[in-house]
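Written below as structure tokens is the structure these notes are about.
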6 protein chains.
Amino acid sequence: MNFGKEIKDAVETRVSRRVKTSIEGLDKMLNGGLLAGRNILLSGPCGSGKTTMAMQFVCNGAMQYNEKSLYVTLEEKKEKIINDMEKLGIGIRNEVNNGRLFIIGCPIASLNSYMHKVDANIDNIIKEIEEVVRQNGIKRVAIDSINLLTMLLQTDEEKRLALASLCNTLSSLGCTSLLLSETKEHSMDLSRYGMEEFVVDGVIVLYLVRQGQRFIPGIVVRKMRGINHDKEIRYYRITDKGVTVYPEETLFANI
Amino acid sequence: MNFGKEIKDAVETRVSRRVKTSIEGLDKMLNGGLLAGRNILLSGPCGSGKTTMAMQFVCNGAMQYNEKSLYVTLEEKKEKIINDMEKLGIGIRNEVNNGRLFIIGCPIASLNSYMHKVDANIDNIIKEIEEVVRQNGIKRVAIDSINLLTMLLQTDEEKRLALASLCNTLSSLGCTSLLLSETKEHSMDLSRYGMEEFVVDGVIVLYLVRQGQRFIPGIVVRKMRGINHDKEIRYYRITDKGVTVYPEETLFANI
Amino acid sequence: MNFGKEIKDAVETRVSRRVKTSIEGLDKMLNGGLLAGRNILLSGPCGSGKTTMAMQFVCNGAMQYNEKSLYVTLEEKKEKIINDMEKLGIGIRNEVNNGRLFIIGCPIASLNSYMHKVDANIDNIIKEIEEVVRQNGIKRVAIDSINLLTMLLQTDEEKRLALASLCNTLSSLGCTSLLLSETKEHSMDLSRYGMEEFVVDGVIVLYLVRQGQRFIPGIVVRKMRGINHDKEIRYYRITDKGVTVYPEETLFANI
Amino acid sequence: MNFGKEIKDAVETRVSRRVKTSIEGLDKMLNGGLLAGRNILLSGPCGSGKTTMAMQFVCNGAMQYNEKSLYVTLEEKKEKIINDMEKLGIGIRNEVNNGRLFIIGCPIASLNSYMHKVDANIDNIIKEIEEVVRQNGIKRVAIDSINLLTMLLQTDEEKRLALASLCNTLSSLGCTSLLLSETKEHSMDLSRYGMEEFVVDGVIVLYLVRQGQRFIPGIVVRKMRGINHDKEIRYYRITDKGVTVYPEETLFANI
Amino acid sequence: MNFGKEIKDAVETRVSRRVKTSIEGLDKMLNGGLLAGRNILLSGPCGSGKTTMAMQFVCNGAMQYNEKSLYVTLEEKKEKIINDMEKLGIGIRNEVNNGRLFIIGCPIASLNSYMHKVDANIDNIIKEIEEVVRQNGIKRVAIDSINLLTMLLQTDEEKRLALASLCNTLSSLGCTSLLLSETKEHSMDLSRYGMEEFVVDGVIVLYLVRQGQRFIPGIVVRKMRGINHDKEIRYYRITDKGVTVYPEETLFANI
Amino acid sequence: MNFGKEIKDAVETRVSRRVKTSIEGLDKMLNGGLLAGRNILLSGPCGSGKTTMAMQFVCNGAMQYNEKSLYVTLEEKKEKIINDMEKLGIGIRNEVNNGRLFIIGCPIASLNSYMHKVDANIDNIIKEIEEVVRQNGIKRVAIDSINLLTMLLQTDEEKRLALASLCNTLSSLGCTSLLLSETKEHSMDLSRYGMEEFVVDGVIVLYLVRQGQRFIPGIVVRKMRGINHDKEIRYYRITDKGVTVYPEETLFANI
């Protein structure tokens, strides 16, 4: 190959560096972790544990890998988020105080009174995210959820453009991002609007499949550019300490 | 942990305090009751007993736990509601007279003549709810139904914002709230508009599944942040004295 | 209980008084009849016998219980209705002449030329119904159909509001009302617009289920506030003398 | 009964007089024929023989019962219709010449240039039908099809009103009418717009059910006010001489 | 019969003259061929061979029956069409040069720049077709496709009117026409817009049914006024030399 | 045949020249490769390997056949694309530097700020593609994706016209083009908008079919004008070195 070694090295590094989620079992499905600098969609129905997984992703980054991490919620206030995170493990509030864990709590409802200035609002939130990332050298971001973030935009096209714009910025800043998307009950859709999956570099999907009177949780890595990932649907559990994935177990054995 | 003990205690208390529904069998599914200060969606089709359960929730709060409770109906007038409640148990009217049980009966139909002032109407109802809660120290609220409450709003986004705003207010006032949502016949949806479940902290769903010539009632706790709840669909019955849940029984045994 | 006996008695009376349909078998499913002063939705597909049952309800009221009854049709003219009723039993025209049976025949088609004054039209019909009820002390009302009544209103919300308004008025005047709703062929919907069932106090549904080359009729009391009603789907037949329900027979035995 | 005998007689006559279709087998399903003065919907998918049956209905009326009959087509020109009718039996053109059989051939396509005067057009066609009926004492009418007749009207409500208006007029003029409606392929719908069946007095439905590589034709009388009709789906055949119904044969024997 | 013999003869001739497609096996299904002067819809999904069959129809007409034939394509340019036709048999270009085979190649995309003059465009194409037919005595026409032809028209009604107008003109000029319509993948629809089948005199449908990992082609004559046609779905194959139909073979033997 | 030999030769050449994809197994399904100068739709759901196949197509063209090739992406930036391509094989960047491989990386998101100049944007991109093709003698083009390219256009008609216009241009410049289209999850659709398949000369579809907890990839050549292609669904795999098709293997053996 006749192009400069430094370029190749940069490529290699960029391509191969892995960001561990440290969510039990998930990194194994990912053959080592997420690729650094990529945008990953995490989608699933109500009650499937998306928020828990997103919290684990940023908390583990801050506490285990000393990476500056950001959690953005459009549902809850900052204090409520910290309370919920503390249940997953000790020391979270400490990370916030030490400046390793950042939280933007911007309940979408508080925008209620500005309904006629929608674009400005969305732009402002996105700009705030970008500024926090840029100024603090954030390396992990979770956004809960992109549905809420783009909810006030009218058309699917506007949503897609806003989302693509955010993804590009986060990626160019070197952030590994988890973007949460709420899917409809009983669907096996990849996302709410049927387009989010095409904007991102990877897609992890959570299912809740009714079998008799139970709802069985299943997780699959549906797309992950550049990673030779597990392609099967795996069983997982939501416990007090967060989500645990069982990459060896078999779901739907009889189907 | 290096943050003040008083904060931690407040967190612990807030997190762990349970609000018992005292609906037979349901508190067991909830591993002890609802979490105080949370918003719970109670959804189900026509005739599944949502109204009965909501009445039980507020009446039990007022009579058994001496908690100030509020029942908001957008279907019926206040007097009709009291009549219906009396059938569930004796002494209800007494609670109303004593100021432990509050009832807002605001039939949506009476708003007919103000159709062009929709926002004002919705705002007024929500403000009235908030004022009653704030001035009387209400701790339990049931709203029958959020479909009716948001019916006059045009778009799903407006409905979601109004709902999120109400939830935030009730939660910040320390209220535990049951928000009723009517699902479509024969669907297994979680809500009417497919978004209510993402605004709340918990979701309880009622099903009526046709088997031959019967409609079998089933109840499931689909999401309940912070509670290690039962995840199976359970059988329940609507009797003269209210709803009874059978958390040990098996539904759909042969499916 | 510390509230006045007279209030309790009024409540008891209001709650417990039954209005017999005298449609063979149906009162048994209802555990004695409809509750006085309530609005009941009667829905079913084309050819399921809704009109016949509604005619039986008002004719039986007038002839057997000496209750002033009103039949409102938006499809046919008054004379045609009387002709059809006569086939169900003798003496109907006599009841009309004696002022026990009232008929409003207002074919919706005759409003054709007023299409731009829709609201006025609907309001006028509703007002006419209310006036007839009020001035004559009507106790039973059948409206065939609420689809036609609300057809000219644009949105589901307008339809719902109009319907709720009519229900409230009839209920406050002490009328027991049967509101007919046309469901779509082969659906198992409760109503045409998916909202009528939430406005009323009770829902009776007629099905026509194809089995091989037959259409099997089935009837179910889907919701009936304050009545411990039969919850199964029962077989019925449409004969020359009206509808007969078989509350003991089993439908779908092999399903 | 205390009303005048002449009224009763008129009622009896009006109710009981039957109009024979003379379509082999169909009158048996109808327990003697259609009721005079009623509007009947004849619906079915493409290729199910609606046009053939409608032609038989008017031709048989003119030739066998000496009733003045009218065929209205919005698809074809008058001459083409006469050609097609001649294949069903001899002497049709004679009936046209003798003034027993009337044909209005008004291909909807020729209205193309008047697209901006839609209401006028529809009104004109309907008025022309009414005038022909009134001036000539027409007793049988077939309209092929009401979809085409109402196609240019924008909303379902406008279509329903126009249809109801036409039905009322034809009925008040004493006409027995067959209104053709095209259903969608593979549906088991009763009509195209899901509302036609509620405007008419009776509904006859044609099905084409695919079984393996065949399409089996089935006919059912789905609703027929005042007639104790056959309620099963029967087999029929389309031959060179028109449609023949087999009211004794069994369809779907194994389903 | 008392009408003039010459009229009857004209009718007989017009009715009975058959236009052979000379597509192997298809004329047998049609009991001898298409009826002269009729409009036939040929519908099917992507890759089902509609274009090939249409080309065979016009080429066979020109070469075997010496009928002036016209192929209209809105997808491809004239030269490309001729190239494709040559693969079906030799001598096609000769027919074009000799003036027996006419081709209008008007790729819809070239209208791109005139988007605001849509009506004019559609009118122009239709007029051009009519002029070519009229001036050259064309007897066979294939239009590929009517979806493209009517695509720029906004509503289904406009599409239907335009189509009906074209059909009427072609029919009155004595043309036998094959109108191609693209159905949606995996549907068993008769046409794209669900209305084309009601405008034409006959409907031939192509299916591609997935069985395991194969797509089985099936053809059925769904409607053909005036012809006692085969009513079963038959197997066909697309070969280098065009489509061949196997009217004796059985499809779906085990279904 | 009486037309000039040079024309016939040109036709022959044009028809028969094959463009090898050199994607293992695919050329065998295509009976030798794609036809030169044709537009091929490559559609499939998220994660089915469309982008990988498109990259293989252009890289193989540049490196193995020395054909000038162009890759257009509307998702990613040029540098990111080159990085991704390098993983498929060595020397890609060299091809770019040597001017055999062209890349247009125009992330659609960067058009965000020009949202009100949509037509101009789309026109500009299409013109840029055409200019690059024309000026450099490009023979292979891949566009990833046509959904993104046409996303900003409002109606399906506008999308179809824009697409048809692009196809015509590329075809007339002698380009063999692969147009990528994202289908919806779990559908077996041929394309996103249900019309792309009718604009192109060929359609290759990728499926991901869930079987138990796996997603089985399948590929089928659904339409390929002028090629006697394999008609079955074949198994393929996405490996580190690109997509490999197994044209001999059987999918869905038991279905």
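Lettering and numbering for the structure tokens are positional, with chains as A, B, ... in the shown order, residues counted from 1 in each chain, and ligands counted from 1 in the shown order.
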With a distance cut-off of 7 Å and only C-alpha atoms, select the neighbouring residues of region 129-144 of chain C, excluding the residue or stretch itself and same-chain residues fewer than 3 positions from it, and output the selection as a PyMOL selection string.
-> chain C and resi 51+54+58+67-74+125-126+174-180
Would you mind exporting N, CA, C and O atoms of the selected residues as a PDB file, in the first residue's frame?
```pdb
ATOM      1  N   THR C  51     -82.015  -2.983  14.479  1.00  0.00           N
ATOM      2  CA  THR C  51     -83.265  -2.238  14.345  1.00  0.00           C
ATOM      3  C   THR C  51     -84.427  -3.010  14.965  1.00  0.00           C
ATOM      4  O   THR C  51     -85.262  -2.440  15.680  1.00  0.00           O
ATOM      5  N   ALA C  54     -84.256  -2.780  18.729  1.00  0.00           N
ATOM      6  CA  ALA C  54     -84.604  -1.440  19.200  1.00  0.00           C
ATOM      7  C   ALA C  54     -86.112  -1.224  19.142  1.00  0.00           C
ATOM      8  O   ALA C  54     -86.713  -0.633  20.054  1.00  0.00           O
ATOM      9  N   VAL C  58     -88.726  -0.424  22.487  1.00  0.00           N
ATOM     10  CA  VAL C  58     -89.695   0.668  22.696  1.00  0.00           C
ATOM     11  C   VAL C  58     -91.131   0.159  22.658  1.00  0.00           C
ATOM     12  O   VAL C  58     -91.977   0.593  23.456  1.00  0.00           O
ATOM     13  N   GLU C  67     -94.963   2.479  29.550  1.00  0.00           N
ATOM     14  CA  GLU C  67     -94.005   3.579  29.619  1.00  0.00           C
ATOM     15  C   GLU C  67     -94.008   4.351  28.309  1.00  0.00           C
ATOM     16  O   GLU C  67     -93.993   3.766  27.233  1.00  0.00           O
ATOM     17  N   LYS C  68     -94.007   5.655  28.428  1.00  0.00           N
ATOM     18  CA  LYS C  68     -93.931   6.460  27.213  1.00  0.00           C
ATOM     19  C   LYS C  68     -92.557   6.229  26.561  1.00  0.00           C
ATOM     20  O   LYS C  68     -91.530   6.338  27.231  1.00  0.00           O
ATOM     21  N   SER C  69     -92.601   5.901  25.271  1.00  0.00           N
ATOM     22  CA  SER C  69     -91.374   5.492  24.581  1.00  0.00           C
ATOM     23  C   SER C  69     -91.227   6.252  23.275  1.00  0.00           C
ATOM     24  O   SER C  69     -92.212   6.634  22.652  1.00  0.00           O
ATOM     25  N   LEU C  70     -89.964   6.426  22.882  1.00  0.00           N
ATOM     26  CA  LEU C  70     -89.660   7.200  21.676  1.00  0.00           C
ATOM     27  C   LEU C  70     -88.700   6.435  20.785  1.00  0.00           C
ATOM     28  O   LEU C  70     -87.667   5.949  21.250  1.00  0.00           O
ATOM     29  N   TYR C  71     -89.052   6.330  19.515  1.00  0.00           N
ATOM     30  CA  TYR C  71     -88.156   5.727  18.543  1.00  0.00           C
ATOM     31  C   TYR C  71     -87.709   6.802  17.561  1.00  0.00           C
ATOM     32  O   TYR C  71     -88.536   7.439  16.905  1.00  0.00           O
ATOM     33  N   VAL C  72     -86.395   7.002  17.466  1.00  0.00           N
ATOM     34  CA  VAL C  72     -85.853   8.001  16.553  1.00  0.00           C
ATOM     35  C   VAL C  72     -85.123   7.286  15.433  1.00  0.00           C
ATOM     36  O   VAL C  72     -84.198   6.511  15.690  1.00  0.00           O
ATOM     37  N   THR C  73     -85.540   7.527  14.212  1.00  0.00           N
ATOM     38  CA  THR C  73     -84.808   6.943  13.089  1.00  0.00           C
ATOM     39  C   THR C  73     -84.326   8.049  12.168  1.00  0.00           C
ATOM     40  O   THR C  73     -85.050   9.000  11.897  1.00  0.00           O
ATOM     41  N   LEU C  74     -83.086   7.889  11.728  1.00  0.00           N
ATOM     42  CA  LEU C  74     -82.544   8.852  10.762  1.00  0.00           C
ATOM     43  C   LEU C  74     -82.461   8.249   9.378  1.00  0.00           C
ATOM     44  O   LEU C  74     -81.892   8.827   8.467  1.00  0.00           O
ATOM     45  N   ILE C 125     -81.906  18.342  15.531  1.00  0.00           N
ATOM     46  CA  ILE C 125     -82.420  17.000  15.785  1.00  0.00           C
ATOM     47  C   ILE C 125     -82.291  16.668  17.269  1.00  0.00           C
ATOM     48  O   ILE C 125     -83.221  16.184  17.900  1.00  0.00           O
ATOM     49  N   ILE C 126     -81.114  16.936  17.806  1.00  0.00           N
ATOM     50  CA  ILE C 126     -80.884  16.629  19.223  1.00  0.00           C
ATOM     51  C   ILE C 126     -81.868  17.416  20.084  1.00  0.00           C
ATOM     52  O   ILE C 126     -82.460  16.880  21.034  1.00  0.00           O
ATOM     53  N   GLY C 174     -83.902  11.056  33.062  1.00  0.00           N
ATOM     54  CA  GLY C 174     -84.391   9.772  33.565  1.00  0.00           C
ATOM     55  C   GLY C 174     -84.679   8.747  32.488  1.00  0.00           C
ATOM     56  O   GLY C 174     -85.318   7.722  32.746  1.00  0.00           O
ATOM     57  N   CYS C 175     -84.233   9.003  31.269  1.00  0.00           N
ATOM     58  CA  CYS C 175     -84.491   8.074  30.164  1.00  0.00           C
ATOM     59  C   CYS C 175     -83.522   6.904  30.172  1.00  0.00           C
ATOM     60  O   CYS C 175     -82.328   7.087  30.410  1.00  0.00           O
ATOM     61  N   THR C 176     -84.046   5.726  29.855  1.00  0.00           N
ATOM     62  CA  THR C 176     -83.198   4.589  29.548  1.00  0.00           C
ATOM     63  C   THR C 176     -83.111   4.521  28.030  1.00  0.00           C
ATOM     64  O   THR C 176     -84.132   4.433  27.349  1.00  0.00           O
ATOM     65  N   SER C 177     -81.875   4.595  27.504  1.00  0.00           N
ATOM     66  CA  SER C 177     -81.722   4.780  26.055  1.00  0.00           C
ATOM     67  C   SER C 177     -80.919   3.659  25.418  1.00  0.00           C
ATOM     68  O   SER C 177     -79.936   3.190  25.979  1.00  0.00           O
ATOM     69  N   LEU C 178     -81.359   3.286  24.247  1.00  0.00           N
ATOM     70  CA  LEU C 178     -80.648   2.322  23.421  1.00  0.00           C
ATOM     71  C   LEU C 178     -80.111   3.071  22.211  1.00  0.00           C
ATOM     72  O   LEU C 178     -80.883   3.593  21.399  1.00  0.00           O
ATOM     73  N   LEU C 179     -78.776   3.130  22.093  1.00  0.00           N
ATOM     74  CA  LEU C 179     -78.158   3.867  21.003  1.00  0.00           C
ATOM     75  C   LEU C 179     -77.552   2.875  20.026  1.00  0.00           C
ATOM     76  O   LEU C 179     -76.646   2.120  20.383  1.00  0.00           O
ATOM     77  N   LEU C 180     -78.033   2.876  18.789  1.00  0.00           N
ATOM     78  CA  LEU C 180     -77.575   1.886  17.812  1.00  0.00           C
ATOM     79  C   LEU C 180     -76.335   2.366  17.074  1.00  0.00           C
ATOM     80  O   LEU C 180     -76.241   3.532  16.679  1.00  0.00           O
TER      81      LEU C 180
END
```
All helix (DSSP H, G or I) residues (DSSP, backbone) inside region 31-190 of chain E, as JSON, numbers by chain | {"E": [50, 51, 52, 53, 54, 55, 56, 57, 58, 59, 60, 61, 62, 63, 64, 78, 79, 80, 81, 82, 83, 84, 85, 86, 92, 93, 94, 95, 96, 97, 98, 108, 109, 110, 111, 112, 113, 114, 115, 116, 117, 118, 119, 120, 121, 122, 123, 124, 125, 126, 127, 128, 129, 130, 131, 132, 133, 134, 135, 136, 146, 147, 148, 149, 150, 156, 157, 158, 159, 160, 161, 162, 163, 164, 165, 166, 167, 168, 169, 170, 171, 172]}
Would you list, as a PyMOL selection string, the residues of region 13-176 of chain C that end up in strand (DSSP E) under DSSP run on this structure's backbone?
-> chain C and resi 18-19+34-35+39-44+69-73+101-105+140-144+176
Which residues come within 8 Å of Glu95 (chain F), counting only C-alpha atoms, excluding same-chain residues fewer than 4 positions away, as a list in words?
->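 Near Glu95 (chain F), the qualifying residues are Ala62, Met63, Gly91, Gly99, Arg100 and Leu101 of chain F.
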Produce a file of the selected residues containing N, CA, C and O atoms, as a PDB file, in the first residue's frame.
```
ATOM      1  N   ALA F  62     -13.038  -1.198 -10.387  1.00  0.00           N
ATOM      2  CA  ALA F  62     -11.831  -0.386 -10.522  1.00  0.00           C
ATOM      3  C   ALA F  62     -10.576  -1.254 -10.522  1.00  0.00           C
ATOM      4  O   ALA F  62      -9.683  -1.086 -11.360  1.00  0.00           O
ATOM      5  N   MET F  63     -10.519  -2.213  -9.595  1.00  0.00           N
ATOM      6  CA  MET F  63      -9.276  -2.960  -9.400  1.00  0.00           C
ATOM      7  C   MET F  63      -9.134  -4.147 -10.344  1.00  0.00           C
ATOM      8  O   MET F  63      -8.048  -4.412 -10.836  1.00  0.00           O
ATOM      9  N   GLY F  91      -5.419  -1.565  -1.160  1.00  0.00           N
ATOM     10  CA  GLY F  91      -5.145  -0.799  -2.373  1.00  0.00           C
ATOM     11  C   GLY F  91      -6.249   0.150  -2.809  1.00  0.00           C
ATOM     12  O   GLY F  91      -6.118   0.841  -3.826  1.00  0.00           O
ATOM     13  N   GLY F  99      -7.249   7.830  -9.704  1.00  0.00           N
ATOM     14  CA  GLY F  99      -8.340   8.321 -10.533  1.00  0.00           C
ATOM     15  C   GLY F  99      -9.151   7.226 -11.187  1.00  0.00           C
ATOM     16  O   GLY F  99      -9.789   7.434 -12.208  1.00  0.00           O
ATOM     17  N   ARG F 100      -9.089   6.024 -10.629  1.00  0.00           N
ATOM     18  CA  ARG F 100      -9.956   4.975 -11.164  1.00  0.00           C
ATOM     19  C   ARG F 100     -11.225   4.840 -10.331  1.00  0.00           C
ATOM     20  O   ARG F 100     -12.255   4.428 -10.815  1.00  0.00           O
ATOM     21  N   LEU F 101     -11.096   5.202  -9.067  1.00  0.00           N
ATOM     22  CA  LEU F 101     -12.249   5.095  -8.161  1.00  0.00           C
ATOM     23  C   LEU F 101     -12.623   6.498  -7.672  1.00  0.00           C
ATOM     24  O   LEU F 101     -11.806   7.192  -7.094  1.00  0.00           O
TER      25      LEU F 101
END
```
Using only C-alpha atoms, which chain C residues lie at most 6 Å away from chain D, written as a list in words?
->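 Residues of chain C within 6 Å of chain D, counting only C-alpha atoms: Gly47, Gly91, Ala109, Gly212, Gln213 and Arg214 of chain C.
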Can you write just those residues out, N, CA and C atoms, as an mmCIF file, in the first residue's frame?
```cif
data_model
loop_
_atom_site.group_PDB
_atom_site.id
_atom_site.type_symbol
_atom_site.label_atom_id
_atom_site.label_comp_id
_atom_site.auth_asym_id
_atom_site.auth_seq_id
_atom_site.Cartn_x
_atom_site.Cartn_y
_atom_site.Cartn_z
ATOM 1 N N GLY C 47 -77.462 -6.299 9.154
ATOM 2 C CA GLY C 47 -78.267 -7.518 9.156
ATOM 3 C C GLY C 47 -78.242 -8.293 10.460
ATOM 4 N N GLY C 91 -101.243 -3.839 17.246
ATOM 5 C CA GLY C 91 -101.624 -2.751 18.135
ATOM 6 C C GLY C 91 -100.655 -1.594 18.215
ATOM 7 N N ALA C 109 -81.171 11.864 4.697
ATOM 8 C CA ALA C 109 -81.017 12.314 3.311
ATOM 9 C C ALA C 109 -81.751 13.622 3.056
ATOM 10 N N GLY C 212 -68.050 -21.709 7.908
ATOM 11 C CA GLY C 212 -68.366 -22.351 6.640
ATOM 12 C C GLY C 212 -69.263 -21.426 5.851
ATOM 13 N N GLN C 213 -70.448 -21.872 5.454
ATOM 14 C CA GLN C 213 -71.297 -21.019 4.638
ATOM 15 C C GLN C 213 -72.408 -20.358 5.440
ATOM 16 N N ARG C 214 -72.302 -20.405 6.771
ATOM 17 C CA ARG C 214 -73.316 -19.751 7.601
ATOM 18 C C ARG C 214 -72.756 -18.546 8.325
#
```
Considering only C-alpha atoms, return as a PDB file with C-alpha atoms, in the first residue's frame whatever protein or nucleic-acid residues lie within 6 Å of Ala36 (chain F), sequence-local ones (same chain, fewer than 2 positions apart) excluded.
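Produced file selection.pdb, reproduced below:
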```pdb
ATOM      1  CA  ARG F  17     -21.882  -7.418 -22.836  1.00  0.00           C
ATOM      2  CA  ARG F  18     -21.776  -8.460 -19.215  1.00  0.00           C
ATOM      3  CA  VAL F  19     -20.488  -6.478 -16.263  1.00  0.00           C
ATOM      4  CA  ARG F  38     -28.552  -1.101 -17.051  1.00  0.00           C
ATOM      5  CA  THR F 176     -24.063   0.123 -15.129  1.00  0.00           C
TER       6      THR F 176
END
```
CA of Cys46 (chain E) and CA of His186 (chain F) are how many Å apart?
->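 Separation between CA of Cys46 (chain E) and CA of His186 (chain F): 19.4 Å.
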What is the distance between CA of Glu182 (chain C) and CA of Ile92 (chain C), in Å to one decimal?
-> 25.7 Å
Spatial neighbours of Leu152 (chain D), 8 Å, only C-alpha atoms, chain gap at least 3 places, as JSON, numbers by chain = {"D": [118, 122, 148, 149], "E": [157]}
Write the residues of the selection above to a file with N, CA and C atoms, as a PDB file, in the first residue's frame.
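So again.pdb came out as:
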```pdb
ATOM      1  N   VAL D 118     -68.975  19.079 -10.598  1.00  0.00           N
ATOM      2  CA  VAL D 118     -69.310  17.727 -10.161  1.00  0.00           C
ATOM      3  C   VAL D 118     -70.721  17.635  -9.590  1.00  0.00           C
ATOM      4  N   ILE D 122     -73.736  15.057 -10.878  1.00  0.00           N
ATOM      5  CA  ILE D 122     -74.378  14.006 -10.100  1.00  0.00           C
ATOM      6  C   ILE D 122     -75.858  14.312  -9.946  1.00  0.00           C
ATOM      7  N   LEU D 148     -69.719   4.332  -9.184  1.00  0.00           N
ATOM      8  CA  LEU D 148     -69.464   5.308 -10.240  1.00  0.00           C
ATOM      9  C   LEU D 148     -70.357   6.527 -10.047  1.00  0.00           C
ATOM     10  N   LEU D 149     -71.594   6.284  -9.636  1.00  0.00           N
ATOM     11  CA  LEU D 149     -72.529   7.392  -9.455  1.00  0.00           C
ATOM     12  C   LEU D 149     -72.020   8.387  -8.409  1.00  0.00           C
TER      13      LEU D 149
ATOM     14  N   GLU E 157     -59.837   9.432  -8.601  1.00  0.00           N
ATOM     15  CA  GLU E 157     -60.937   9.775  -9.488  1.00  0.00           C
ATOM     16  C   GLU E 157     -60.410  10.325 -10.809  1.00  0.00           C
TER      17      GLU E 157
END
```
Gly49 (chain D) surroundings by only C-alpha atoms, 7 Å radius, close-in-sequence under 3 positions cut, as a list in words =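 Once the adjacent positions are removed, what remains is Thr52, Met53 and Ile238 of chain D.
The coordinates place CA of Val205 (chain B) at 26.6 Å from CA of Leu88 (chain A).
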